[in-house]
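Shown next: start-v8.txt, containing compact mmCIF, C-alpha atoms.
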```
# COMPACT_ATOMS: atom_id res chain seq x y z
CA MET A 1 145.96 100.24 100.48
CA LYS A 2 145.20 102.90 103.07
CA LYS A 3 143.12 102.08 106.12
CA GLY A 4 141.31 104.84 107.99
CA ILE A 5 139.01 105.13 110.96
CA GLY A 6 135.64 106.78 110.52
CA ILE A 7 133.56 107.97 113.46
CA ASP A 8 129.94 109.12 113.56
CA LEU A 9 129.60 110.91 116.90
CA GLY A 10 125.95 111.47 117.71
CA GLY A 11 123.87 112.38 120.71
CA THR A 12 122.81 108.77 121.37
CA LYS A 13 125.55 106.53 120.01
CA ILE A 14 129.06 106.50 118.60
CA MET A 15 129.53 104.45 115.44
CA GLY A 16 133.11 103.64 114.46
CA ILE A 17 134.57 101.73 111.53
CA LEU A 18 137.97 100.82 110.17
CA MET A 19 137.69 101.08 106.40
CA GLN A 20 139.92 100.58 103.38
CA GLU A 21 139.96 103.36 100.80
CA ASP A 22 137.93 101.16 98.42
CA GLY A 23 135.06 101.20 100.92
CA GLU A 24 135.53 97.76 102.44
CA ILE A 25 134.74 97.85 106.15
CA LEU A 26 137.23 95.77 108.12
CA GLU A 27 136.05 96.44 111.67
CA GLU A 28 133.00 98.00 113.28
CA VAL A 29 132.54 99.17 116.87
CA GLU A 30 129.48 100.82 118.38
CA GLU A 31 129.18 102.42 121.81
CA VAL A 32 126.60 104.54 123.60
CA THR A 33 127.53 108.22 123.68
CA GLY A 34 126.82 108.48 127.40
CA ASN A 35 125.59 111.53 129.25
CA PRO A 36 125.68 114.25 126.57
CA PHE A 37 126.29 116.91 129.22
CA GLN A 38 129.46 115.22 130.52
CA GLU A 39 132.57 115.85 128.41
CA GLU A 40 134.68 113.30 130.29
CA GLU A 41 132.17 110.48 129.78
CA VAL A 42 131.57 111.15 126.08
CA ILE A 43 135.27 111.48 125.25
CA LYS A 44 136.07 108.33 127.24
CA ASN A 45 133.51 106.39 125.18
CA LEU A 46 134.85 107.91 121.96
CA PHE A 47 138.38 106.83 122.87
CA GLN A 48 137.12 103.31 123.63
CA VAL A 49 135.63 103.05 120.15
CA ILE A 50 138.89 104.19 118.51
CA GLU A 51 140.96 101.84 120.69
CA GLY A 52 138.71 98.94 119.72
CA LEU A 53 139.23 99.68 116.03
CA LEU A 54 143.00 99.85 116.43
CA GLU A 55 143.32 96.50 118.23
CA LYS A 56 143.94 94.45 115.06
CA ASN A 57 145.02 96.99 112.44
CA PRO A 58 146.89 100.30 112.26
CA ALA A 59 145.16 103.31 110.71
CA SER A 60 146.67 106.15 108.71
CA SER A 61 143.95 108.65 109.65
CA ILE A 62 140.87 109.35 111.73
CA GLY A 63 137.84 111.17 110.34
CA ILE A 64 135.04 112.27 112.66
CA GLY A 65 131.56 113.49 111.87
CA CYS A 66 130.15 115.33 114.88
CA ALA A 67 126.61 116.66 115.24
CA GLY A 68 126.37 120.44 115.21
CA PRO A 69 127.92 123.45 113.45
CA ASN A 70 131.58 122.90 112.70
CA ASP A 71 134.21 125.54 111.89
CA PHE A 72 135.81 123.28 109.30
CA GLN A 73 138.65 125.63 108.42
CA ASN A 74 139.80 125.96 112.05
CA GLN A 75 138.70 122.45 113.05
CA ILE A 76 136.54 123.59 115.94
CA VAL A 77 133.10 122.18 116.79
CA VAL A 78 131.22 125.39 117.52
CA THR A 79 128.13 123.96 119.24
CA SER A 80 126.17 120.71 119.26
CA PRO A 81 122.48 120.74 120.27
CA ASN A 82 122.69 117.01 121.07
CA LEU A 83 126.02 117.32 122.95
CA PRO A 84 125.58 120.38 125.17
CA PHE A 85 129.08 120.28 126.67
CA ILE A 86 130.48 121.27 123.27
CA ARG A 87 131.15 124.95 122.73
CA ASN A 88 134.09 125.96 120.54
CA TYR A 89 135.50 122.51 121.23
CA PRO A 90 138.88 121.44 119.72
CA LEU A 91 137.89 117.83 119.02
CA LYS A 92 140.63 117.32 116.41
CA ARG A 93 143.33 118.35 118.89
CA VAL A 94 141.88 116.21 121.69
CA VAL A 95 141.92 113.08 119.52
CA GLU A 96 145.32 113.73 117.96
CA GLU A 97 146.90 114.28 121.38
CA ARG A 98 145.59 110.89 122.53
CA PHE A 99 146.35 108.76 119.46
CA ALA A 100 149.01 110.67 117.45
CA ILE A 101 147.10 109.91 114.23
CA PRO A 102 146.16 112.70 111.76
CA THR A 103 142.53 113.59 112.45
CA LEU A 104 139.93 115.65 110.61
CA VAL A 105 136.53 116.70 111.98
CA ASP A 106 133.43 117.82 110.08
CA ASN A 107 129.70 118.08 110.62
CA ASP A 108 128.19 114.58 110.78
CA VAL A 109 125.69 115.13 107.98
CA LYS A 110 128.37 116.48 105.67
CA THR A 111 130.44 113.33 106.23
CA ALA A 112 127.31 111.29 105.53
CA ALA A 113 126.85 113.25 102.29
CA LEU A 114 130.43 112.38 101.34
CA GLY A 115 129.59 108.75 102.01
CA GLU A 116 126.61 108.97 99.66
CA LEU A 117 128.70 110.74 97.01
CA ILE A 118 131.59 108.26 97.04
CA PHE A 119 129.96 104.95 98.01
CA GLY A 120 126.19 105.44 97.63
CA ASP A 121 123.68 106.45 94.98
CA GLY A 122 124.62 110.13 95.08
CA LYS A 123 127.44 109.85 92.57
CA ASN A 124 124.97 109.55 89.68
CA LEU A 125 122.16 111.68 91.14
CA GLN A 126 123.68 115.13 91.47
CA PRO A 127 122.72 117.61 92.67
CA PHE A 128 121.28 115.74 95.62
CA PHE A 129 120.19 116.69 99.09
CA LEU A 130 120.81 114.25 101.92
CA ILE A 131 118.52 114.41 104.93
CA THR A 132 119.39 112.34 107.97
CA LEU A 133 116.57 111.31 110.27
CA GLY A 134 117.43 110.07 113.74
CA THR A 135 117.66 111.50 117.25
CA GLY A 136 117.89 114.82 115.41
CA ILE A 137 117.60 115.87 111.77
CA GLY A 138 120.39 117.12 109.55
CA GLY A 139 120.90 117.95 105.90
CA ALA A 140 123.56 118.56 103.28
CA LEU A 141 123.62 119.57 99.61
CA VAL A 142 126.04 117.98 97.13
CA SER A 143 126.60 119.41 93.66
CA GLU A 144 129.32 118.85 91.05
CA GLY A 145 131.16 116.43 93.29
CA LYS A 146 131.38 118.72 96.30
CA VAL A 147 129.51 119.31 99.52
CA PHE A 148 128.16 122.86 99.50
CA ARG A 149 129.28 124.45 102.78
CA GLY A 150 128.08 128.04 102.62
CA VAL A 151 129.99 130.85 104.31
CA CYS A 152 130.60 129.12 107.66
CA ASN A 153 129.89 125.44 106.93
CA THR A 154 126.25 125.48 108.06
CA ALA A 155 124.55 125.15 104.66
CA GLY A 156 121.87 122.48 104.61
CA GLU A 157 120.76 122.73 108.26
CA ILE A 158 117.18 121.76 107.46
CA GLY A 159 116.67 120.26 110.93
CA HIS A 160 117.11 123.64 112.58
CA THR A 161 114.87 125.49 110.15
CA VAL A 162 111.56 126.62 111.65
CA PHE A 163 108.47 125.21 109.92
CA ASP A 164 105.82 125.58 112.62
CA TRP A 165 106.13 129.01 114.24
CA THR A 166 103.11 128.22 116.46
CA SER A 167 104.86 125.25 118.07
CA ARG A 168 105.55 125.29 121.79
CA GLU A 169 108.24 122.61 121.45
CA ARG A 170 111.69 124.05 121.95
CA CYS A 171 114.58 122.63 119.95
CA GLY A 172 118.05 121.98 121.35
CA CYS A 173 119.25 124.90 119.22
CA GLY A 174 117.03 127.23 121.24
CA LYS A 175 114.32 127.94 118.66
CA TYR A 176 110.72 126.74 118.64
CA GLY A 177 109.10 124.73 115.85
CA CYS A 178 112.23 123.47 114.07
CA LEU A 179 111.83 120.43 111.81
CA GLU A 180 113.84 118.48 114.38
CA VAL A 181 111.17 118.92 117.07
CA LEU A 182 108.43 118.08 114.56
CA ALA A 183 109.73 115.00 112.76
CA SER A 184 112.81 113.43 114.39
CA GLY A 185 112.89 110.15 116.29
CA THR A 186 112.76 112.23 119.45
CA ALA A 187 109.61 113.98 118.17
CA ILE A 188 107.97 110.65 117.33
CA ARG A 189 108.72 109.35 120.83
CA ARG A 190 107.36 112.55 122.39
CA HIS A 191 104.13 112.26 120.41
CA VAL A 192 103.61 108.68 121.60
CA LEU A 193 104.38 109.51 125.23
CA HIS A 194 101.87 112.37 125.16
CA GLY A 195 99.27 110.01 123.70
CA LEU A 196 99.90 107.40 126.35
CA GLU A 197 99.67 110.01 129.12
CA SER A 198 96.30 111.16 127.80
CA GLY A 199 95.00 107.58 127.80
CA GLN A 200 95.00 106.99 124.04
CA PRO A 201 94.61 103.26 123.26
CA SER A 202 97.91 101.66 122.24
CA ILE A 203 99.84 98.41 122.35
CA LEU A 204 102.48 100.47 124.16
CA GLN A 205 100.27 101.16 127.19
CA GLY A 206 102.11 99.73 130.20
CA VAL A 207 105.54 99.65 128.56
CA PRO A 208 108.13 101.51 130.71
CA GLN A 209 108.92 104.91 129.19
CA GLU A 210 112.66 104.24 129.09
CA LYS A 211 112.03 101.31 126.72
CA ILE A 212 109.99 103.35 124.26
CA ASN A 213 112.04 104.64 121.33
CA ALA A 214 111.53 105.24 117.61
CA LYS A 215 112.61 101.70 116.72
CA LEU A 216 110.02 100.12 119.04
CA ILE A 217 107.35 102.57 117.88
CA ALA A 218 108.08 101.57 114.26
CA GLU A 219 107.66 97.90 115.17
CA LYS A 220 104.29 98.60 116.78
CA ALA A 221 103.20 100.79 113.86
CA ARG A 222 103.81 97.85 111.51
CA GLU A 223 101.72 95.70 113.87
CA GLY A 224 98.86 98.13 113.35
CA ASP A 225 99.07 100.24 116.50
CA GLY A 226 97.10 103.42 115.81
CA LEU A 227 99.07 105.77 118.07
CA SER A 228 102.39 104.59 116.66
CA ARG A 229 101.20 105.00 113.06
CA GLU A 230 99.82 108.43 113.91
CA ALA A 231 103.24 109.52 115.22
CA PHE A 232 104.99 108.51 112.01
CA LEU A 233 102.33 110.08 109.80
CA LYS A 234 102.60 113.37 111.69
CA ALA A 235 106.37 113.33 111.20
CA ALA A 236 105.88 112.44 107.51
CA TYR A 237 103.65 115.48 107.03
CA TRP A 238 106.37 117.86 108.20
CA ILE A 239 109.05 116.03 106.23
CA GLY A 240 106.90 116.48 103.12
CA VAL A 241 106.60 120.20 103.84
CA ALA A 242 110.37 120.48 104.27
CA PHE A 243 111.01 118.54 101.04
CA SER A 244 108.73 120.89 99.11
CA HIS A 245 110.88 123.85 100.21
CA LEU A 246 114.03 122.01 99.19
CA VAL A 247 112.63 121.24 95.74
CA GLN A 248 111.40 124.77 95.12
CA ILE A 249 114.64 126.43 96.25
CA LEU A 250 117.32 123.93 95.15
CA ASN A 251 115.72 121.91 92.32
CA PRO A 252 117.73 118.75 93.21
CA ARG A 253 117.77 115.60 91.13
CA ALA A 254 117.32 113.52 94.28
CA ILE A 255 116.57 113.69 97.98
CA ILE A 256 118.25 110.82 99.78
CA VAL A 257 116.89 109.79 103.16
CA GLY A 258 119.52 108.52 105.59
CA GLY A 259 120.06 108.13 109.31
CA GLY A 260 118.75 105.50 111.69
CA MET A 261 115.11 106.37 111.00
CA SER A 262 115.52 105.68 107.30
CA GLU A 263 114.83 102.06 108.30
CA ALA A 264 111.24 103.22 108.99
CA TRP A 265 110.89 105.03 105.67
CA ASP A 266 108.16 102.55 104.64
CA LEU A 267 105.96 104.07 107.36
CA MET A 268 106.45 107.63 106.09
CA GLU A 269 107.09 107.43 102.35
CA LYS A 270 103.51 107.55 101.04
CA ARG A 271 102.40 110.46 103.25
CA THR A 272 105.63 112.38 102.66
CA LEU A 273 105.29 112.12 98.88
CA GLU A 274 101.60 113.09 99.00
CA VAL A 275 102.41 116.27 100.90
CA LEU A 276 105.46 116.97 98.74
CA ALA A 277 103.45 116.64 95.53
CA SER A 278 100.64 118.86 96.84
CA LEU A 279 103.04 121.70 97.72
CA THR A 280 105.49 121.53 94.82
CA MET A 281 105.40 122.77 91.23
CA GLU A 282 104.77 119.87 88.88
CA PHE A 283 107.80 120.37 86.62
CA PRO A 284 110.59 120.10 89.26
CA PHE A 285 108.63 117.33 91.03
CA GLN A 286 108.65 115.27 87.82
CA HIS A 287 112.46 115.44 87.73
CA LEU A 288 112.92 114.44 91.37
CA ARG A 289 113.75 111.09 92.94
CA VAL A 290 113.20 110.45 96.65
CA LEU A 291 114.92 107.33 97.91
CA PRO A 292 116.28 105.81 101.12
CA SER A 293 120.03 105.56 101.46
CA ARG A 294 121.38 102.11 100.72
CA LEU A 295 124.24 102.87 103.13
CA GLY A 296 121.75 103.10 106.00
CA ASN A 297 123.26 104.50 109.16
CA MET A 298 126.81 103.63 108.01
CA GLY A 299 127.09 106.54 105.58
CA GLY A 300 128.38 109.05 108.13
CA ALA A 301 131.19 106.83 109.35
CA MET A 302 132.13 105.81 105.78
CA GLY A 303 132.26 109.42 104.62
CA ALA A 304 134.31 110.40 107.67
CA ALA A 305 136.80 107.60 107.04
CA TRP A 306 137.15 108.58 103.38
CA MET A 307 137.58 112.26 104.31
CA GLY A 308 140.40 111.41 106.72
CA MET A 309 142.22 109.22 104.21
CA GLU A 310 141.92 111.77 101.43
CA THR A 311 143.68 114.44 103.49
CA SER A 312 146.25 112.30 105.35
```

Serialized structure, C-alpha cells:
Amino acid sequence: MKKGIGIDLGGTKIMGILMQEDGEILEEVEEVTGNPFQEEEVIKNLFQVIEGLLEKNPASSIGIGCAGPNDFQNQIVVTSPNLPFIRNYPLKRVVEERFAIPTLVDNDVKTAALGELIFGDGKNLQPFFLITLGTGIGGALVSEGKVFRGVCNTAGEIGHTVFDWTSRERCGCGKYGCLEVLASGTAIRRHVLHGLESGQPSILQGVPQEKINAKLIAEKAREGDGLSREAFLKAAYWIGVAFSHLVQILNPRAIIVGGGMSEAWDLMEKRTLEVLASLTMEFPFQHLRVLPSRLGNMGGAMGAAWMGMETS
C-alpha cells in the first residue's frame, strides 16, 4: 500500500502527516512556520517536518497545500498573503531538489476540500462548499467529484472577497473589508485587543498580548467573558452574510466548516445560522446543511497526501 506525505503549510504552523492511501495516518509532525517574511526560516522548518516524517518510513510522494493563489498547471505559488516572501515561488522544485521525491503543490483549501471529498462527509453531500476558518479564511467548491478551479485556480476565494466596503482594516491581499479581516482568528484577536485597550471589562485584562489568540479567546468565551463572546458573535455575523451569498449563487447541498477555528463552531453556529436564514431565500435554505468538518484541522494534510499519491 502506498504511503505519502501530506503537508499543510500555513502562516502560523506547518502540519505534516505520513498517510497510507486508505487514509490511515502513520505519523504526524507539527512545527511553527516561523517568520513568514523569511524564506530561509520557513523552508528550513518545512524541511524539518518532512525529515521527521521520513525517519521511520519511506514515502512515494509529497503533497503540499500552501496558502495563497497557486498556478496549479505550472506548479508555482503565485502569492501568499500569510507568507509574504512568496511571489511566483517554485515550491515543488525546491522540495523535490532536497528530497528527490515526486511532489505536487496546490492551494491549501483545495487540498482540504479533497480531504473532505475522499475521507470526510463531502462524498455524500455534493455539491459542497468548504470554508476554512483559521489565521485566514479560505474556500473551495466541490461538485461531481472534482474541485472547481476556475480559469486560474482561484475559484472559491471567499476569504478575499470584500463584504464591508466601509472597513478600514486592510487585508494581507491588499484590499479593505475582506471576510478574512472581519471573521478570521486574526480578526477575533484584533477585536479583543481593541476592547482591552479601550478598557472594556474582560477576564483577559492583564494577560500579555502575545498569549492572546483565538483558542484562548474561545476558552474565555465559554467561561462567559463578554468581550470574548462579542468577538465571536461579530465574526459569526459576517460568516452568516458570506454563507448567504454562497447559497444564493451556488445552491450547495452543504457548507462544511473546517480549519482550526472550526473547534469554536459552537460559539458561532447559532448566530451564523440566524443571519444566513434572514438573508437567504427559503427554498435553497431548506435544502442546505451546515456542519463542522469531522476531519478538523487534519483535512488539508490528508487531502494533500492523497493528491500526491494519486499522481505519483

For atom CA of Gly224 of chain A and atom CA of Gly240 of chain A, determine how far apart the two atoms are, in Å to one decimal place.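 A separation of 22.5 Å between them.
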
Leaving out segment 14-27 of chain A and any residue of its chain fewer than 2 positions from it, which residues lie within 9 Å of it when counting all atoms listed in the file, given as a PyMOL selection string? chain A and resi 1-12+29-33+45-46+49-50+52-54+56-57+59+118-119+297-298+300-302+305-306+309-310

Hey, what's within 9 Å of segment 122-138 of chain A if we count only C-alpha atoms and toss same-chain stuff fewer than 6 positions away? As a PDB file with C-alpha atoms, in the coordinates of the input, please?
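In the end it all went to around_10.pdb:
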```pdb
ATOM      1  CA  GLY A  10     125.950 111.470 117.710  1.00  0.00           C
ATOM      2  CA  GLY A  11     123.870 112.380 120.710  1.00  0.00           C
ATOM      3  CA  THR A  12     122.810 108.770 121.370  1.00  0.00           C
ATOM      4  CA  ALA A  67     126.610 116.660 115.240  1.00  0.00           C
ATOM      5  CA  GLY A  68     126.370 120.440 115.210  1.00  0.00           C
ATOM      6  CA  PRO A  81     122.480 120.740 120.270  1.00  0.00           C
ATOM      7  CA  ASN A  82     122.690 117.010 121.070  1.00  0.00           C
ATOM      8  CA  ASP A 108     128.190 114.580 110.780  1.00  0.00           C
ATOM      9  CA  VAL A 109     125.690 115.130 107.980  1.00  0.00           C
ATOM     10  CA  LYS A 110     128.370 116.480 105.670  1.00  0.00           C
ATOM     11  CA  ALA A 112     127.310 111.290 105.530  1.00  0.00           C
ATOM     12  CA  ALA A 113     126.850 113.250 102.290  1.00  0.00           C
ATOM     13  CA  LEU A 114     130.430 112.380 101.340  1.00  0.00           C
ATOM     14  CA  GLY A 115     129.590 108.750 102.010  1.00  0.00           C
ATOM     15  CA  GLU A 116     126.610 108.970  99.660  1.00  0.00           C
ATOM     16  CA  GLU A 144     129.320 118.850  91.050  1.00  0.00           C
ATOM     17  CA  GLY A 145     131.160 116.430  93.290  1.00  0.00           C
ATOM     18  CA  GLY A 156     121.870 122.480 104.610  1.00  0.00           C
ATOM     19  CA  GLU A 157     120.760 122.730 108.260  1.00  0.00           C
ATOM     20  CA  ILE A 158     117.180 121.760 107.460  1.00  0.00           C
ATOM     21  CA  GLY A 159     116.670 120.260 110.930  1.00  0.00           C
ATOM     22  CA  HIS A 160     117.110 123.640 112.580  1.00  0.00           C
ATOM     23  CA  LEU A 179     111.830 120.430 111.810  1.00  0.00           C
ATOM     24  CA  GLU A 180     113.840 118.480 114.380  1.00  0.00           C
ATOM     25  CA  VAL A 181     111.170 118.920 117.070  1.00  0.00           C
ATOM     26  CA  ALA A 183     109.730 115.000 112.760  1.00  0.00           C
ATOM     27  CA  SER A 184     112.810 113.430 114.390  1.00  0.00           C
ATOM     28  CA  GLY A 185     112.890 110.150 116.290  1.00  0.00           C
ATOM     29  CA  THR A 186     112.760 112.230 119.450  1.00  0.00           C
ATOM     30  CA  ALA A 187     109.610 113.980 118.170  1.00  0.00           C
ATOM     31  CA  ALA A 214     111.530 105.240 117.610  1.00  0.00           C
ATOM     32  CA  LEU A 246     114.030 122.010  99.190  1.00  0.00           C
ATOM     33  CA  LEU A 250     117.320 123.930  95.150  1.00  0.00           C
ATOM     34  CA  ASN A 251     115.720 121.910  92.320  1.00  0.00           C
ATOM     35  CA  PRO A 252     117.730 118.750  93.210  1.00  0.00           C
ATOM     36  CA  ARG A 253     117.770 115.600  91.130  1.00  0.00           C
ATOM     37  CA  ALA A 254     117.320 113.520  94.280  1.00  0.00           C
ATOM     38  CA  ILE A 255     116.570 113.690  97.980  1.00  0.00           C
ATOM     39  CA  ILE A 256     118.250 110.820  99.780  1.00  0.00           C
ATOM     40  CA  VAL A 257     116.890 109.790 103.160  1.00  0.00           C
ATOM     41  CA  GLY A 258     119.520 108.520 105.590  1.00  0.00           C
ATOM     42  CA  GLY A 259     120.060 108.130 109.310  1.00  0.00           C
ATOM     43  CA  GLY A 260     118.750 105.500 111.690  1.00  0.00           C
ATOM     44  CA  MET A 261     115.110 106.370 111.000  1.00  0.00           C
ATOM     45  CA  SER A 262     115.520 105.680 107.300  1.00  0.00           C
ATOM     46  CA  ARG A 289     113.750 111.090  92.940  1.00  0.00           C
ATOM     47  CA  SER A 293     120.030 105.560 101.460  1.00  0.00           C
ATOM     48  CA  ASN A 297     123.260 104.500 109.160  1.00  0.00           C
TER      49      ASN A 297
END
```

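The coordinates place atom CA of Thr103 of chain A at 8.1 Å from atom CA of Ser312 of chain A.
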
Just give me the gap between atom CA of Ala221 of chain A and atom CA of Ser244 of chain A in Å, one decimal is fine.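 Separation between atom CA of Ala221 of chain A and atom CA of Ser244 of chain A: 25.5 Å.
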
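Minimum distance to Lys92 of chain A across A:Glu28, A:Asp71, A:Asp121, A:Glu230 (counting all atoms listed in the file) occurs at A:Asp71.
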
Write out as number ranges by chain which residues come within 12 Å of Glu282 of chain A when counting all atoms listed in the file, dropping same-chain ones fewer than 5 positions away. A: 244, 247-248, 251, 276-277, 287-288

Just checking: using all atoms listed in the file, which residue out of A:Thr161, A:Thr311, A:Thr280, A:Ser80 ends up closest to Gly177 of chain A?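 Under the stated criterion, the closest residue is A:Thr161.
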
Close residues, Val207 of chain A itself excluded, 12 Å, all atoms listed in the file, min 3 positions apart in chain, as an MDAnalysis selection string: chainID A and resid 192:193 196:197 202:204 210:213 216:217 220

Would you please work out which residue, of A:Val78, A:Phe72, A:Leu182, A:Leu227, is nearest to Gly199 of chain A when using all atoms listed in the file?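 Ranked by minimum distance to Gly199 of chain A, first place goes to A:Leu227.
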